[in-house]
file structure.csv (CSV, C-alpha atoms and all ligand atoms)
chain,number,residue,atom,x,y,z
A,119,MET,CA,-27.6,55.8,-0.3
A,120,PRO,CA,-26.5,52.2,0.0
A,121,SER,CA,-23.4,52.9,2.0
A,122,SER,CA,-25.4,54.7,4.7
A,123,SER,CA,-27.9,52.0,5.6
A,124,PRO,CA,-28.5,51.6,9.3
A,125,GLN,CA,-26.7,48.3,9.2
A,126,ARG,CA,-23.6,49.9,7.7
A,127,ARG,CA,-23.6,52.9,9.9
A,128,ARG,CA,-23.7,51.0,13.1
A,129,PHE,CA,-20.9,49.0,14.5
A,130,LEU,CA,-20.8,46.1,16.8
A,131,LEU,CA,-19.4,46.6,20.2
A,132,ALA,CA,-17.0,44.0,21.6
A,133,ALA,CA,-17.2,42.2,18.3
A,134,PRO,CA,-14.8,39.2,19.0
A,135,ALA,CA,-16.6,38.1,22.1
A,136,ALA,CA,-20.1,38.7,20.7
A,137,VAL,CA,-19.3,36.8,17.5
A,138,ALA,CA,-18.0,33.9,19.6
A,139,GLY,CA,-21.2,33.9,21.5
A,140,VAL,CA,-19.5,34.5,24.8
A,141,VAL,CA,-21.3,37.7,25.6
A,142,ALA,CA,-24.9,38.4,24.7
A,143,LEU,CA,-25.0,42.1,24.2
A,144,PRO,CA,-28.2,44.0,24.7
A,145,ALA,CA,-29.8,45.4,21.5
A,146,GLN,CA,-29.0,48.9,22.6
A,147,ALA,CA,-25.2,48.1,22.7
A,148,ARG,CA,-25.3,46.2,19.4
A,149,ASN,CA,-26.7,49.2,17.6
A,150,ALA,CA,-24.3,51.7,19.1
A,151,CYS,CA,-23.2,54.6,16.9
A,152,LEU,CA,-19.4,54.9,17.1
A,153,VAL,CA,-17.0,57.3,15.5
A,154,THR,CA,-14.4,55.7,13.1
A,155,ASP,CA,-11.2,54.8,14.8
A,156,GLY,CA,-7.9,56.2,13.8
A,157,ASP,CA,-5.1,54.1,12.4
A,158,ILE,CA,-1.4,54.8,11.7
A,159,LEU,CA,-0.5,57.2,8.9
A,160,GLY,CA,2.3,54.9,7.8
A,161,PRO,CA,5.7,56.0,6.3
A,162,PHE,CA,4.6,56.4,2.7
A,163,TYR,CA,2.3,59.4,2.8
A,164,ARG,CA,3.0,62.3,0.5
A,165,SER,CA,1.2,65.6,0.4
A,166,GLY,CA,0.2,67.3,-2.9
A,167,ALA,CA,-2.0,64.7,-4.6
A,168,LYS,CA,-4.4,66.1,-7.2
A,169,ASN,CA,-8.2,66.1,-7.0
A,170,MET,CA,-9.3,63.3,-9.1
A,171,VAL,CA,-11.6,60.3,-9.2
A,172,LYS,CA,-9.6,57.9,-11.4
A,173,LEU,CA,-6.4,56.7,-9.9
A,174,ALA,CA,-5.8,54.0,-12.5
A,175,GLU,CA,-6.3,54.3,-16.2
A,176,ALA,CA,-7.5,51.5,-18.3
A,177,GLY,CA,-4.8,48.9,-18.8
A,178,VAL,CA,-3.3,49.4,-15.3
A,179,GLU,CA,-2.7,45.9,-13.9
A,180,GLY,CA,-4.9,44.8,-11.0
A,181,GLU,CA,-8.5,44.1,-10.1
A,182,ARG,CA,-10.6,47.2,-10.8
A,183,LEU,CA,-12.5,48.7,-7.8
A,184,VAL,CA,-14.8,51.7,-7.5
A,185,LEU,CA,-14.7,52.7,-3.8
A,186,THR,CA,-17.5,54.9,-2.6
A,187,GLY,CA,-17.2,56.5,0.8
A,188,THR,CA,-19.7,58.4,2.9
A,189,VAL,CA,-18.4,60.8,5.6
A,190,LEU,CA,-20.9,61.3,8.4
A,191,ARG,CA,-21.3,63.5,11.4
A,192,PRO,CA,-20.8,61.9,14.9
A,193,ASP,CA,-24.6,61.2,14.9
A,194,CYS,CA,-23.8,58.4,12.3
A,195,LYS,CA,-26.5,59.7,9.9
A,196,THR,CA,-25.9,63.3,8.8
A,197,PRO,CA,-23.6,63.7,5.8
A,198,VAL,CA,-20.5,65.9,6.2
A,199,VAL,CA,-20.3,68.2,3.1
A,200,GLY,CA,-17.0,69.5,1.9
A,201,ALA,CA,-14.7,67.3,3.9
A,202,THR,CA,-11.3,66.8,2.3
A,203,VAL,CA,-10.2,63.2,1.7
A,204,ASP,CA,-6.6,62.5,1.0
A,205,PHE,CA,-6.2,58.9,-0.2
A,206,TRP,CA,-3.2,56.7,-1.2
A,207,HIS,CA,-2.3,53.0,-1.6
A,208,CYS,CA,0.2,50.7,-3.2
A,209,ASP,CA,-0.2,48.9,-6.5
A,210,HIS,CA,-1.6,45.4,-7.0
A,211,LYS,CA,1.8,43.9,-6.2
A,212,GLY,CA,2.2,45.8,-3.0
A,213,ALA,CA,4.6,48.4,-4.2
A,214,TYR,CA,4.2,52.2,-3.5
A,215,ASP,CA,5.4,54.8,-5.9
A,216,ILE,CA,8.2,55.5,-3.4
A,217,LYS,CA,10.5,52.8,-2.1
A,218,THR,CA,11.7,54.4,1.1
A,219,PRO,CA,10.0,56.9,3.5
A,220,ASP,CA,12.6,59.6,2.7
A,221,GLU,CA,12.4,59.2,-1.1
A,222,LYS,CA,11.6,62.5,-2.9
A,223,ILE,CA,8.9,62.4,-5.6
A,224,ALA,CA,7.2,65.1,-7.6
A,225,PRO,CA,3.4,65.2,-7.5
A,226,GLU,CA,3.3,64.7,-11.3
A,227,ASN,CA,5.0,61.3,-10.7
A,228,PHE,CA,2.5,60.2,-8.0
A,229,ARG,CA,0.8,56.8,-8.5
A,230,PHE,CA,-2.3,55.8,-6.6
A,231,ARG,CA,-2.6,59.1,-4.7
A,232,ALA,CA,-5.6,61.4,-5.0
A,233,MET,CA,-7.8,63.8,-3.1
A,234,ALA,CA,-11.5,64.5,-3.1
A,235,GLN,CA,-14.1,66.8,-1.4
A,236,THR,CA,-17.2,65.2,-0.2
A,237,ASP,CA,-20.4,66.2,-2.0
A,238,GLN,CA,-23.9,67.2,-0.7
A,239,ASN,CA,-24.4,63.6,0.3
A,240,GLY,CA,-21.1,63.3,2.1
A,241,ARG,CA,-19.8,61.1,-0.7
A,242,PHE,CA,-16.4,60.6,-2.4
A,243,VAL,CA,-15.5,58.2,-5.1
A,244,PHE,CA,-12.2,56.7,-6.2
A,245,ASP,CA,-11.9,54.5,-9.3
A,246,THR,CA,-8.7,52.4,-8.8
A,247,VAL,CA,-7.4,48.9,-8.4
A,248,ILE,CA,-7.3,46.7,-5.3
A,249,PRO,CA,-3.8,47.1,-3.6
A,250,GLY,CA,-1.7,44.1,-3.0
A,251,ARG,CA,-0.3,42.9,0.4
A,252,TYR,CA,3.3,43.8,1.3
A,253,GLY,CA,5.9,42.7,3.8
A,254,ILE,CA,7.2,45.3,6.3
A,255,PRO,CA,10.9,45.6,5.4
A,256,PRO,CA,13.6,45.3,8.0
A,257,GLY,CA,15.1,48.5,9.3
A,258,LEU,CA,12.0,50.7,8.8
A,259,GLU,CA,12.2,53.3,11.5
A,260,GLY,CA,9.5,52.7,14.1
A,261,PHE,CA,8.5,49.4,12.6
A,262,GLU,CA,11.5,47.3,13.6
A,263,ALA,CA,9.4,45.0,15.8
A,264,TYR,CA,7.1,44.2,12.8
A,265,ALA,CA,9.8,43.5,10.1
A,266,GLY,CA,8.8,40.6,7.9
A,267,GLN,CA,5.1,40.7,8.7
A,268,THR,CA,2.7,40.8,5.8
A,269,ARG,CA,0.2,43.7,5.9
A,270,PRO,CA,-3.3,42.9,4.7
A,271,ALA,CA,-4.5,44.9,1.6
A,272,HIS,CA,-5.4,48.4,2.6
A,273,PHE,CA,-6.1,51.9,1.5
A,274,HIS,CA,-4.8,54.8,3.5
A,275,LEU,CA,-6.7,58.0,4.0
A,276,THR,CA,-7.0,61.2,6.0
A,277,VAL,CA,-10.3,63.1,6.4
A,278,THR,CA,-10.3,66.7,7.4
A,279,HIS,CA,-13.0,69.3,7.9
A,280,PRO,CA,-13.2,72.7,9.6
A,281,ILE,CA,-15.5,71.5,12.3
A,282,TYR,CA,-14.7,67.9,13.2
A,283,LEU,CA,-11.6,66.2,14.5
A,284,PRO,CA,-9.2,65.2,11.7
A,285,LEU,CA,-9.1,61.5,11.0
A,286,THR,CA,-6.2,59.3,9.8
A,287,SER,CA,-7.2,55.7,9.1
A,288,GLN,CA,-7.0,52.7,6.8
A,289,ILE,CA,-9.6,50.8,5.0
A,290,TYR,CA,-9.2,47.0,5.0
A,291,LEU,CA,-11.0,44.4,2.9
A,292,LYS,CA,-13.4,41.9,4.4
A,293,GLY,CA,-12.2,38.3,4.3
A,294,ASP,CA,-8.5,39.1,4.1
A,295,PRO,CA,-6.9,36.4,6.3
A,296,PHE,CA,-4.0,38.7,7.1
A,297,ILE,CA,-6.2,41.1,9.1
A,298,ALA,CA,-6.2,38.9,12.1
A,299,LYS,CA,-2.4,38.9,12.4
A,300,ASP,CA,-1.9,42.5,11.6
A,301,PRO,CA,-1.1,44.7,14.7
A,302,TRP,CA,-3.3,47.5,13.3
A,303,ALA,CA,-6.0,45.9,11.2
A,304,ARG,CA,-7.0,43.4,13.8
A,305,HIS,CA,-8.3,46.3,15.9
A,306,SER,CA,-10.1,48.1,13.1
A,307,ARG,CA,-13.8,48.3,12.3
A,308,LEU,CA,-13.0,50.0,9.0
A,309,VAL,CA,-13.4,46.8,6.9
A,310,MET,CA,-15.1,47.1,3.6
A,311,ASP,CA,-17.1,44.4,1.8
A,312,VAL,CA,-16.0,44.1,-1.9
A,313,LYS,CA,-18.7,43.1,-4.3
A,314,LYS,CA,-17.5,41.5,-7.6
A,315,GLY,CA,-19.1,42.8,-10.8
A,316,GLY,CA,-18.8,42.2,-14.5
A,317,SER,CA,-16.7,45.2,-15.2
A,318,GLY,CA,-15.0,45.4,-11.8
A,319,SER,CA,-15.6,45.3,-8.1
A,320,THR,CA,-17.3,47.9,-6.0
A,321,GLY,CA,-17.1,48.7,-2.3
A,322,ALA,CA,-18.8,51.2,0.0
A,323,ILE,CA,-17.7,52.4,3.4
A,324,ASP,CA,-19.0,54.8,6.0
A,325,ILE,CA,-16.7,57.1,7.9
A,326,VAL,CA,-18.0,58.8,11.1
A,327,LEU,CA,-16.1,61.8,12.3
A,328,ALA,CA,-15.7,62.8,15.9
A,329,ASN,CA,-16.5,66.1,17.6
A,330,ARG,CA,-13.6,68.2,18.8
A,331,PRO,CA,-13.3,68.4,22.6
A,332,GLY,CA,-15.8,70.8,24.0
A,333,GLN,CA,-17.7,71.0,20.7
A,334,ARG,CA,-21.5,71.0,20.8
A,335,ARG,CA,-22.8,67.7,19.8
A,336,ALA,CA,-23.5,67.4,16.0
A,401,FE,FE,0.4,51.0,3.5
call {"tool": "encode", "arguments": {"input": "structure.csv", "output": "structure tokens"}}
result
Amino acid sequence: MPSSSPQRRRFLLAAPAAVAGVVALPAQARNACLVTDGDILGPFYRSGAKNMVKLAEAGVEGERLVLTGTVLRPDCKTPVVGATVDFWHCDHKGAYDIKTPDEKIAPENFRFRAMAQTDQNGRFVFDTVIPGRYGIPPGLEGFEAYAGQTRPAHFHLTVTHPIYLPLTSQIYLKGDPFIAKDPWARHSRLVMDVKKGGSGSTGAIDIVLANRPGQRRA
């Protein structure tokens, strides 16, 4: 289970200061197990995506990517079986299948939208292309203060399960220089390392769900 190695499951606390060498964190803090942070849903979500692995057929423009996710309990090690993952992103040029948040679109015309249920190992896989960056257009309700800013490449997803707190988040790509300037990505730990391969790239990411308030610890 390469995406669930101890290194991948554990996140660095106070990363900016620690990386800069300003604060020497104790080993216990460096290895803390933290649930995955939420991120904005964004204005381009549509419900009704089909269950499927392949979001982009052969010939679709863009760099191929097979993304493998592992959904884990709050203990950062036990797989969550049967979680529902709803996943969407723009094309390699940064365009969604809808142009405005209020545009109507039938599910049969969806592009780069899919759902999955995690398997016995907590896994889901999507075979797609790497999305492009896009600029936040002017006049987008709720995003007026960010008009003109370029969003780093990202995948959107929600993860739901009968037991744990629902999660809405975004997966960013390690090394994207636009992460540091993005009001949402710069706070995110959900940053995936993409490995180049002969027939396309691969990436793996762990997602740790949180307990609901008052829930017994997983
Ligand atoms: Fe987006």
call {"tool": "residues_around", "arguments": {"input": "structure.csv", "residues": "Gly240 in chain A", "least_positions_apart": "3", "cutoff": "9 Å", "atoms": "all atoms listed in the file", "output": "PyMOL selection string"}}
result
chain A and resi 187-190+196-201+235-237
call {"tool": "atom_distance", "arguments": {"input": "structure.csv", "atom1": "CA of Tyr264 in chain A", "atom2": "CA of Ser287 in chain A"}}
result
18.7 Å
call {"tool": "atom_distance", "arguments": {"input": "structure.csv", "atom1": "CA of Pro219 in chain A", "atom2": "CA of His279 in chain A"}}
result
26.5 Å
call {"tool": "atom_distance", "arguments": {"input": "structure.csv", "atom1": "CA of Cys151 in chain A", "atom2": "CA of Asn329 in chain A"}}
result
13.3 Å
call {"tool": "closest_atom_pairs", "arguments": {"input": "structure.csv", "of": "chain A", "to": "ligand FE 401 (chain A)", "cutoff": "8 Å", "atoms": "all atoms listed in the file", "output": "CSV"}}
result
residue,atom,partner,partner_atom,distance
A:Gly160,CA,A:FE401,FE,6.1
A:Pro161,CA,A:FE401,FE,7.8
A:Phe162,CA,A:FE401,FE,6.9
A:His207,CA,A:FE401,FE,6.1
A:Cys208,CA,A:FE401,FE,6.7
A:Arg269,CA,A:FE401,FE,7.7
A:His272,CA,A:FE401,FE,6.4
A:Phe273,CA,A:FE401,FE,6.9
A:His274,CA,A:FE401,FE,6.4
call {"tool": "closest_residue", "arguments": {"input": "structure.csv", "among": "A:Pro192, A:Pro225, A:Gly177, A:Gly293", "to": "Ile325 in chain A", "atoms": "only C-alpha atoms"}}
result
A:Pro192
call {"tool": "closest_residue", "arguments": {"input": "structure.csv", "among": "A:Val153, A:Leu327, A:Arg251, A:Ala322", "to": "Pro295 in chain A", "atoms": "all atoms listed in the file"}}
result
A:Arg251
